[in-house]
>>> print(open('my_file.txt').read())   # compact mmCIF, C-alpha atoms
# COMPACT_ATOMS: atom_id res chain seq x y z
CA MET K 1 83.64 239.92 -88.41
CA LYS K 2 85.58 242.01 -85.92
CA LYS K 3 85.85 245.68 -86.83
CA ILE K 4 88.93 247.65 -85.74
CA LEU K 5 88.89 251.42 -86.20
CA ILE K 6 92.42 252.79 -86.47
CA THR K 7 93.23 256.48 -86.05
CA GLY K 8 96.53 257.83 -87.35
CA CYS K 9 96.64 255.07 -89.97
CA ASN K 10 99.30 256.84 -92.05
CA GLY K 11 101.76 257.16 -89.18
CA GLN K 12 104.56 254.72 -88.45
CA LEU K 13 102.51 252.74 -85.94
CA GLY K 14 99.32 252.82 -87.99
CA ARG K 15 101.13 251.35 -90.99
CA ALA K 16 102.73 248.66 -88.84
CA VAL K 17 99.36 247.72 -87.32
CA ASN K 18 97.95 247.27 -90.82
CA GLN K 19 100.85 245.01 -91.72
CA VAL K 20 100.43 242.88 -88.59
CA TYR K 21 96.70 242.43 -89.22
CA ALA K 22 97.09 241.93 -92.98
CA LYS K 23 96.45 238.17 -93.04
CA GLU K 24 93.38 238.43 -90.83
CA ALA K 25 92.06 241.29 -92.91
CA ALA K 26 92.64 239.35 -96.13
CA SER K 27 90.83 236.29 -94.75
CA GLY K 28 87.82 238.34 -93.68
CA ALA K 29 88.32 237.65 -89.97
CA VAL K 30 88.99 241.33 -89.30
CA GLU K 31 87.87 244.53 -91.01
CA LEU K 32 90.30 247.41 -90.59
CA ILE K 33 88.73 250.85 -90.86
CA ASN K 34 91.68 253.17 -91.43
CA THR K 35 91.33 256.85 -90.65
CA ASP K 36 93.68 259.78 -90.52
CA VAL K 37 93.16 263.48 -89.98
CA CYS K 38 91.52 263.91 -93.41
CA ASP K 39 88.97 261.19 -92.60
CA LEU K 40 88.26 261.74 -88.92
CA ASP K 41 88.95 264.78 -86.76
CA ILE K 42 89.49 263.20 -83.35
CA THR K 43 89.48 266.67 -81.76
CA SER K 44 85.79 267.05 -82.66
CA VAL K 45 83.54 265.12 -80.29
CA GLU K 46 80.66 265.39 -82.77
CA ASP K 47 82.71 263.87 -85.60
CA VAL K 48 84.04 261.09 -83.41
CA LEU K 49 80.65 260.15 -81.95
CA ALA K 50 78.97 260.17 -85.35
CA THR K 51 81.71 258.14 -87.03
CA VAL K 52 81.92 255.54 -84.30
CA GLU K 53 78.15 255.22 -84.09
CA GLU K 54 78.01 254.61 -87.84
CA ILE K 55 80.84 252.06 -87.94
CA LYS K 56 80.20 250.40 -84.58
CA PRO K 57 83.73 249.02 -84.21
CA HIS K 58 84.60 246.32 -81.71
CA VAL K 59 87.98 247.96 -81.08
CA ILE K 60 89.29 251.52 -81.44
CA MET K 61 93.06 251.74 -81.76
CA ASN K 62 94.31 255.28 -81.25
CA CYS K 63 97.61 255.66 -83.07
CA ALA K 64 97.11 259.39 -83.67
CA ALA K 65 99.19 261.96 -81.78
CA HIS K 66 100.94 265.31 -81.99
CA THR K 67 104.47 263.90 -81.68
CA ASN K 68 106.61 266.89 -82.65
CA VAL K 69 108.12 267.33 -79.19
CA ASN K 70 109.67 270.73 -79.84
CA LYS K 71 106.64 272.15 -81.64
CA CYS K 72 104.36 271.10 -78.78
CA GLU K 73 106.09 273.75 -76.64
CA THR K 74 104.76 276.57 -78.82
CA ASP K 75 101.64 274.80 -80.10
CA TRP K 76 100.09 273.84 -76.77
CA ASP K 77 96.45 274.23 -77.78
CA ASN K 78 96.78 272.00 -80.82
CA ALA K 79 98.87 269.44 -78.92
CA TYR K 80 96.25 269.37 -76.16
CA ARG K 81 93.40 268.97 -78.64
CA ILE K 82 95.05 266.00 -80.36
CA ASN K 83 96.80 264.28 -77.44
CA ALA K 84 94.25 264.90 -74.70
CA ILE K 85 90.86 265.92 -76.12
CA GLY K 86 91.20 263.37 -78.90
CA ALA K 87 91.70 260.61 -76.35
CA ARG K 88 88.69 261.87 -74.39
CA ASN K 89 86.46 261.89 -77.47
CA LEU K 90 87.48 258.38 -78.47
CA SER K 91 86.85 257.17 -74.91
CA LEU K 92 83.34 258.62 -74.91
CA ALA K 93 82.60 257.12 -78.32
CA ALA K 94 84.00 253.71 -77.37
CA ASN K 95 81.57 253.54 -74.46
CA GLU K 96 78.63 254.40 -76.69
CA VAL K 97 79.17 251.24 -78.79
CA HIS K 98 80.77 249.12 -76.02
CA ALA K 99 84.09 249.01 -77.87
CA LYS K 100 87.54 248.41 -76.44
CA LEU K 101 89.93 251.35 -76.63
CA ILE K 102 93.67 250.90 -77.17
CA HIS K 103 95.40 254.20 -76.54
CA VAL K 104 99.11 254.66 -77.24
CA SER K 105 101.05 256.91 -74.88
CA THR K 106 104.69 257.74 -74.21
CA ASP K 107 107.72 257.46 -71.94
CA TYR K 108 107.71 261.26 -71.78
CA VAL K 109 105.04 261.15 -69.05
CA PHE K 110 107.99 260.60 -66.67
CA ASP K 111 110.47 263.25 -65.54
CA GLY K 112 113.59 261.21 -66.31
CA ASN K 113 115.15 261.44 -62.86
CA ALA K 114 114.97 257.72 -62.08
CA ASN K 115 117.95 255.39 -61.76
CA ARG K 116 116.03 252.25 -62.79
CA PRO K 117 113.45 251.45 -65.49
CA TYR K 118 110.01 252.95 -64.82
CA THR K 119 107.13 250.57 -64.11
CA GLU K 120 103.50 251.31 -64.87
CA PHE K 121 102.99 252.24 -61.20
CA ASP K 122 105.72 254.86 -60.88
CA GLU K 123 104.68 258.46 -60.37
CA THR K 124 104.31 260.48 -63.55
CA ALA K 125 105.79 263.97 -63.81
CA PRO K 126 106.29 265.11 -67.42
CA CYS K 127 108.83 267.85 -68.01
CA GLY K 128 107.54 269.16 -71.34
CA ALA K 129 104.34 270.00 -73.22
CA TYR K 130 104.34 266.78 -75.22
CA GLY K 131 104.49 264.60 -72.11
CA LYS K 132 101.99 266.78 -70.25
CA THR K 133 99.38 266.61 -73.01
CA LYS K 134 99.88 262.86 -73.44
CA LEU K 135 99.45 262.37 -69.69
CA GLU K 136 96.19 264.33 -69.82
CA GLY K 137 95.09 261.98 -72.58
CA GLU K 138 95.81 259.01 -70.30
CA ARG K 139 93.76 260.61 -67.53
CA PHE K 140 90.80 261.16 -69.84
CA VAL K 141 90.94 257.51 -70.94
CA LYS K 142 90.94 256.35 -67.33
CA GLN K 143 88.10 258.73 -66.51
CA PHE K 144 85.78 258.00 -69.42
CA ALA K 145 86.57 254.63 -71.02
CA ASP K 146 85.09 251.47 -69.54
CA ARG K 147 87.36 248.98 -71.31
CA PHE K 148 90.81 250.31 -72.15
CA PHE K 149 94.45 249.53 -72.69
CA ILE K 150 96.90 252.41 -72.27
CA VAL K 151 100.22 251.40 -73.81
CA ARG K 152 103.27 253.59 -73.25
CA THR K 153 106.06 253.23 -75.76
CA ALA K 154 109.29 255.05 -76.56
CA TRP K 155 111.73 256.13 -79.27
CA LEU K 156 109.50 254.70 -82.01
CA TYR K 157 110.74 254.13 -85.55
CA GLY K 158 109.10 252.51 -88.57
CA ASP K 159 107.78 253.41 -92.00
CA GLY K 160 108.08 257.19 -91.86
CA ASN K 161 110.35 259.97 -90.68
CA ASN K 162 112.41 258.76 -87.73
CA PHE K 163 115.80 258.82 -86.04
CA VAL K 164 117.19 255.90 -88.04
CA ARG K 165 116.42 257.50 -91.37
CA THR K 166 117.74 260.86 -90.18
CA MET K 167 121.06 259.33 -89.14
CA LEU K 168 121.43 257.47 -92.42
CA ARG K 169 120.64 260.64 -94.37
CA LEU K 170 123.24 262.59 -92.41
CA SER K 171 125.82 259.87 -93.01
CA GLU K 172 125.57 260.46 -96.76
CA THR K 173 127.13 263.92 -96.49
CA ASN K 174 128.96 263.88 -93.15
CA GLU K 175 132.02 262.00 -91.94
CA GLU K 176 130.88 262.51 -88.37
CA VAL K 177 127.70 263.44 -86.51
CA SER K 178 127.19 264.72 -82.99
CA VAL K 179 124.53 262.91 -80.97
CA VAL K 180 123.38 263.32 -77.37
CA SER K 181 124.83 260.66 -75.09
CA ASP K 182 123.27 261.53 -71.72
CA GLN K 183 119.63 260.74 -72.57
CA PHE K 184 118.75 257.07 -72.16
CA GLY K 185 115.75 255.11 -73.40
CA THR K 186 114.75 252.15 -75.54
CA PRO K 187 114.52 252.30 -79.32
CA THR K 188 111.29 250.51 -80.25
CA SER K 189 110.31 249.39 -83.71
CA ALA K 190 106.74 250.16 -84.75
CA MET K 191 106.43 246.57 -85.91
CA GLU K 192 107.33 245.22 -82.47
CA LEU K 193 104.80 247.54 -80.84
CA ALA K 194 102.12 246.58 -83.38
CA ARG K 195 102.70 242.90 -82.59
CA MET K 196 102.28 243.64 -78.90
CA LEU K 197 99.01 245.51 -79.54
CA HIS K 198 97.82 242.61 -81.67
CA PHE K 199 98.54 240.29 -78.74
CA ILE K 200 96.64 242.24 -76.09
CA GLU K 201 93.76 243.42 -78.31
CA PRO K 202 91.57 240.28 -78.04
CA THR K 203 92.10 239.94 -74.28
CA GLU K 204 90.22 241.40 -71.33
CA ASN K 205 93.52 242.19 -69.58
CA TYR K 206 92.80 245.91 -69.31
CA GLY K 207 94.92 248.63 -67.74
CA VAL K 208 98.19 250.48 -68.24
CA PHE K 209 101.06 248.69 -69.97
CA HIS K 210 104.55 249.58 -71.08
CA GLY K 211 105.38 248.38 -74.58
CA THR K 212 108.99 248.92 -75.58
CA CYS K 213 111.71 246.70 -76.89
CA GLU K 214 113.98 245.20 -74.24
CA GLY K 215 117.26 246.81 -73.22
CA SER K 216 118.33 250.44 -73.31
CA CYS K 217 120.91 252.82 -74.74
CA SER K 218 121.66 256.48 -75.33
CA TRP K 219 120.78 258.31 -78.52
CA ALA K 220 124.48 258.25 -79.43
CA ASP K 221 124.65 254.49 -78.88
CA PHE K 222 121.55 254.13 -81.05
CA ALA K 223 123.18 256.11 -83.86
CA ALA K 224 126.39 254.10 -83.61
CA GLU K 225 124.45 250.83 -83.92
CA VAL K 226 122.57 252.16 -86.96
CA PHE K 227 125.85 253.03 -88.67
CA ARG K 228 127.40 249.68 -87.75
CA LEU K 229 124.48 247.72 -89.22
CA ALA K 230 124.43 249.90 -92.34
CA GLY K 231 128.18 249.48 -92.86
CA LYS K 232 128.76 253.22 -92.57
CA ASN K 233 132.10 254.69 -91.49
CA THR K 234 130.45 257.80 -90.07
CA ARG K 235 131.82 258.62 -86.62
CA VAL K 236 129.54 259.49 -83.73
CA ASN K 237 130.60 262.34 -81.47
CA TYR K 238 129.13 261.74 -78.03
CA ILE K 239 127.89 265.10 -76.72
CA THR K 240 125.82 266.26 -73.76
CA THR K 241 122.29 267.63 -73.76
CA ALA K 242 123.73 271.00 -72.76
CA GLU K 243 125.75 271.01 -75.97
CA TYR K 244 122.62 270.42 -78.06
CA PRO K 245 119.88 272.67 -76.63
CA THR K 246 116.32 272.19 -77.89
CA PRO K 247 113.08 274.10 -77.21
CA ALA K 248 111.66 271.14 -75.27
CA LYS K 249 113.26 269.62 -72.21
CA ARG K 250 113.57 265.85 -72.55
CA PRO K 251 113.83 263.25 -69.80
CA ALA K 252 117.42 262.17 -69.19
CA TYR K 253 116.36 258.62 -68.38
CA SER K 254 113.08 257.24 -69.68
CA VAL K 255 113.72 253.51 -69.90
CA LEU K 256 110.44 251.63 -69.38
CA ASP K 257 110.02 248.30 -67.65
CA ASN K 258 107.36 246.15 -69.36
CA TYR K 259 106.33 245.02 -65.89
CA MET K 260 102.61 244.45 -66.44
CA LEU K 261 103.22 242.62 -69.70
CA ARG K 262 105.73 240.34 -67.97
CA LEU K 263 103.60 239.84 -64.86
CA THR K 264 100.22 239.18 -66.47
CA THR K 265 101.13 237.57 -69.81
CA SER K 266 103.69 235.30 -71.44
CA TYR K 267 104.48 237.92 -74.08
CA GLN K 268 107.97 239.40 -74.44
CA MET K 269 109.14 242.18 -76.71
CA ALA K 270 112.29 241.70 -78.78
CA ASP K 271 115.62 243.19 -77.73
CA TRP K 272 116.10 246.61 -79.31
CA LYS K 273 119.17 245.51 -81.27
CA GLU K 274 117.35 242.49 -82.70
CA ALA K 275 114.37 244.66 -83.69
CA LEU K 276 116.70 247.16 -85.34
CA ILE K 277 118.31 244.39 -87.41
CA GLU K 278 114.87 243.34 -88.63
CA TYR K 279 113.98 246.93 -89.52
CA MET K 280 117.25 247.59 -91.32
CA SER K 281 116.71 244.52 -93.51
CA SER K 282 113.02 245.25 -94.17
CA GLY K 283 113.54 247.61 -97.08
CA LEU K 284 112.05 250.56 -95.19
CA VAL K 285 115.40 252.42 -94.95
>>> encode(input="my_file.txt", output="structure tokens")
Amino acid sequence: MKKILITGCNGQLGRAVNQVYAKEAASGAVELINTDVCDLDITSVEDVLATVEEIKPHVIMNCAAHTNVNKCETDWDNAYRINAIGARNLSLAANEVHAKLIHVSTDYVFDGNANRPYTEFDETAPCGAYGKTKLEGERFVKQFADRFFIVRTAWLYGDGNNFVRTMLRLSETNEEVSVVSDQFGTPTSAMELARMLHFIEPTENYGVFHGTCEGSCSWADFAAEVFRLAGKNTRVNYITTAEYPTPAKRPAYSVLDNYMLRLTTSYQMADWKEALIEYMSSGLV
């Protein structure tokens, strides 16, 4: 039986991964060992080494992260421990038991100054603490893990707090909402990403991959599509980043090209609008 150790199991991606593997887990083909911060402190190398040595997983899937982009700016040490040191510890432990490591990263490792989708080979230059700590995590994985997949994703939503739910909540008490229209990326459903991870997990096709839904939009476009699908009459005011200042600087353009996935496999992610339709009809909102 193949053992898969999942960190961050209670997050949006961790829950989606469990759903994707549910049939295999039920049949006994796969054993999912779910952990979250209360079960495994990935910032402690001793805890990680001991846990992994005891379980001896075939695969470690790191879905854990400090994803509060604004808070990362004032909580650097904690963000670095989780996003960077945690990845290092899991890499070291994976090697001890000859396990594969799947590490999830972010579009925020790029500066956002491009005029075309970023490939896996474009130069990274994060503009905020979240992206910087996630990039350090990538570097630790490359430095210490023997067999790894680094998968960058973006604008993730699933079973948990996310942009879609926030917009729908605001629509209950507001006739209009103001949303930034000059930041572009790709909304990606956690379920679509989990399916992609499920696809690459059994392979030996190691390296850095981008894993986002196809297509792109602005945050304001995203909100408008959510309202359209939900049958809401809430208007979207298209505003600029300057009109909505936040503690963390965000990339203006962070659309990812799933180049390696397209070049080395036959797998294709769903279009972001199609994935959103599936999510909106899933009962999770």
>>> closest_residue(input="my_file.txt", among="K:Val177, K:Ala65, K:Leu261, K:Val109", to="Ala84 in chain K", atoms="all atoms listed in the file")
K:Ala65
>>> residues_around(input="my_file.txt", residues="range 124-129 of chain K", least_positions_apart="6", cutoff="10 Å", atoms="only C-alpha atoms", output="list in words")
Val69, Asn70, Lys71, Cys72, Glu73, Thr74, Asp75, Trp76, Ala79, Tyr80, Asp107, Tyr108, Val109, Phe110, Asp111, Gly112, Asn113, Tyr118, Leu135, Pro247, Ala248, Lys249, Arg250 and Pro251 of chain K
>>> residues_around(input="my_file.txt", residues="range 92-103 of chain K", least_positions_apart="2", cutoff="8 Å", atoms="all atoms listed in the file", output="MDAnalysis selection string")
chainID K and resid 48:49 52:53 56:63 87:90 105 138 141 144:151 197 201
>>> residues_near_point(input="my_file.txt", point="(117.6, 254.7, -70.1)", cutoff="9 Å", atoms="all atoms listed in the file", output="ChimeraX atom specification")
/K:112,114-117,183-186,215-218,252-256
>>> closest_residue(input="my_file.txt", among="K:Phe209, K:Trp219, K:Tyr21, K:Tyr267", to="Val179 in chain K", atoms="all atoms listed in the file")
K:Trp219
>>> residues_around(input="my_file.txt", residues="Met191 in chain K", least_positions_apart="6", cutoff="9 Å", atoms="only C-alpha atoms", output="ChimeraX atom specification")
/K:12-13,15-17,19-20,157-158,275,279
>>> atom_distance(input="my_file.txt", atom1="CA of Asn237 in chain K", atom2="CA of Asn68 in chain K")
24.4 Å
>>> residues_around(input="my_file.txt", residues="Arg81 in chain K", least_positions_apart="6", cutoff="9 Å", atoms="only C-alpha atoms", output="PyMOL selection string")
chain K and resi 42-44+87+133
>>> atom_distance(input="my_file.txt", atom1="CA of Val37 in chain K", atom2="CA of Gly8 in chain K")
7.1 Å
>>> atom_distance(input="my_file.txt", atom1="CA of Ala242 in chain K", atom2="CA of Asp221 in chain K")
17.6 Å
>>> closest_residue(input="my_file.txt", among="K:Ser27, K:Thr212, K:Ser181, K:Thr51", to="Met1 in chain K", atoms="only C-alpha atoms")
K:Ser27
>>> closest_residue(input="my_file.txt", among="K:His198, K:Ala64, K:Asn78, K:Arg139", to="Val30 in chain K", atoms="all atoms listed in the file")
K:His198
>>> residues_around(input="my_file.txt", residues="Thr241 in chain K", least_positions_apart="4", cutoff="7 Å", atoms="all atoms listed in the file", output="VMD selection string")
chain K and resid 180 182 245
>>> closest_residue(input="my_file.txt", among="K:Asn83, K:Trp272, K:Lys232, K:Glu243", to="Thr173 in chain K", atoms="all atoms listed in the file")
K:Lys232
>>> closest_residue(input="my_file.txt", among="K:Leu156, K:Met167, K:Leu32, K:Ile55", to="Ala230 in chain K", atoms="all atoms listed in the file")
K:Met167
>>> decode(input="my_file.txt", residues="range 57-69 of chain K", atoms="N, CA, C and O atoms", output="PDB file, in the first residue's frame")
ATOM      1  N   PRO K  57       6.535   7.294   4.703  1.00  0.00           N
ATOM      2  CA  PRO K  57       5.648   7.480   3.547  1.00  0.00           C
ATOM      3  C   PRO K  57       6.399   7.307   2.236  1.00  0.00           C
ATOM      4  O   PRO K  57       7.616   7.497   2.169  1.00  0.00           O
ATOM      5  N   HIS K  58       5.659   6.969   1.194  1.00  0.00           N
ATOM      6  CA  HIS K  58       6.231   6.920  -0.148  1.00  0.00           C
ATOM      7  C   HIS K  58       6.237   8.317  -0.776  1.00  0.00           C
ATOM      8  O   HIS K  58       7.072   8.622  -1.622  1.00  0.00           O
ATOM      9  N   VAL K  59       5.277   9.134  -0.348  1.00  0.00           N
ATOM     10  CA  VAL K  59       5.124  10.491  -0.880  1.00  0.00           C
ATOM     11  C   VAL K  59       4.812  11.439   0.265  1.00  0.00           C
ATOM     12  O   VAL K  59       4.015  11.109   1.151  1.00  0.00           O
ATOM     13  N   ILE K  60       5.434  12.620   0.247  1.00  0.00           N
ATOM     14  CA  ILE K  60       5.077  13.707   1.158  1.00  0.00           C
ATOM     15  C   ILE K  60       4.506  14.830   0.305  1.00  0.00           C
ATOM     16  O   ILE K  60       5.157  15.294  -0.633  1.00  0.00           O
ATOM     17  N   MET K  61       3.286  15.235   0.625  1.00  0.00           N
ATOM     18  CA  MET K  61       2.627  16.298  -0.126  1.00  0.00           C
ATOM     19  C   MET K  61       2.469  17.507   0.782  1.00  0.00           C
ATOM     20  O   MET K  61       1.674  17.489   1.726  1.00  0.00           O
ATOM     21  N   ASN K  62       3.241  18.547   0.516  1.00  0.00           N
ATOM     22  CA  ASN K  62       3.257  19.711   1.400  1.00  0.00           C
ATOM     23  C   ASN K  62       2.239  20.751   0.951  1.00  0.00           C
ATOM     24  O   ASN K  62       2.502  21.575   0.077  1.00  0.00           O
ATOM     25  N   CYS K  63       1.075  20.703   1.600  1.00  0.00           N
ATOM     26  CA  CYS K  63       0.011  21.674   1.321  1.00  0.00           C
ATOM     27  C   CYS K  63      -0.035  22.773   2.379  1.00  0.00           C
ATOM     28  O   CYS K  63      -0.933  23.623   2.353  1.00  0.00           O
ATOM     29  N   ALA K  64       0.902  22.752   3.316  1.00  0.00           N
ATOM     30  CA  ALA K  64       0.915  23.726   4.411  1.00  0.00           C
ATOM     31  C   ALA K  64       1.646  24.995   3.980  1.00  0.00           C
ATOM     32  O   ALA K  64       2.647  24.928   3.266  1.00  0.00           O
ATOM     33  N   ALA K  65       1.138  26.140   4.420  1.00  0.00           N
ATOM     34  CA  ALA K  65       1.801  27.408   4.097  1.00  0.00           C
ATOM     35  C   ALA K  65       1.220  28.525   4.947  1.00  0.00           C
ATOM     36  O   ALA K  65       0.097  28.429   5.442  1.00  0.00           O
ATOM     37  N   HIS K  66       2.014  29.567   5.135  1.00  0.00           N
ATOM     38  CA  HIS K  66       1.534  30.821   5.716  1.00  0.00           C
ATOM     39  C   HIS K  66       1.079  31.667   4.534  1.00  0.00           C
ATOM     40  O   HIS K  66       1.883  32.248   3.831  1.00  0.00           O
ATOM     41  N   THR K  67      -0.244  31.702   4.289  1.00  0.00           N
ATOM     42  CA  THR K  67      -0.760  32.314   3.058  1.00  0.00           C
ATOM     43  C   THR K  67      -1.400  33.685   3.263  1.00  0.00           C
ATOM     44  O   THR K  67      -1.922  34.255   2.299  1.00  0.00           O
ATOM     45  N   ASN K  68      -1.378  34.192   4.491  1.00  0.00           N
ATOM     46  CA  ASN K  68      -1.921  35.531   4.727  1.00  0.00           C
ATOM     47  C   ASN K  68      -0.907  36.556   4.213  1.00  0.00           C
ATOM     48  O   ASN K  68       0.057  36.903   4.900  1.00  0.00           O
ATOM     49  N   VAL K  69      -1.120  36.993   2.992  1.00  0.00           N
ATOM     50  CA  VAL K  69      -0.130  37.816   2.289  1.00  0.00           C
ATOM     51  C   VAL K  69       0.185  39.092   3.057  1.00  0.00           C
ATOM     52  O   VAL K  69       1.355  39.483   3.192  1.00  0.00           O
TER      53      VAL K  69
END
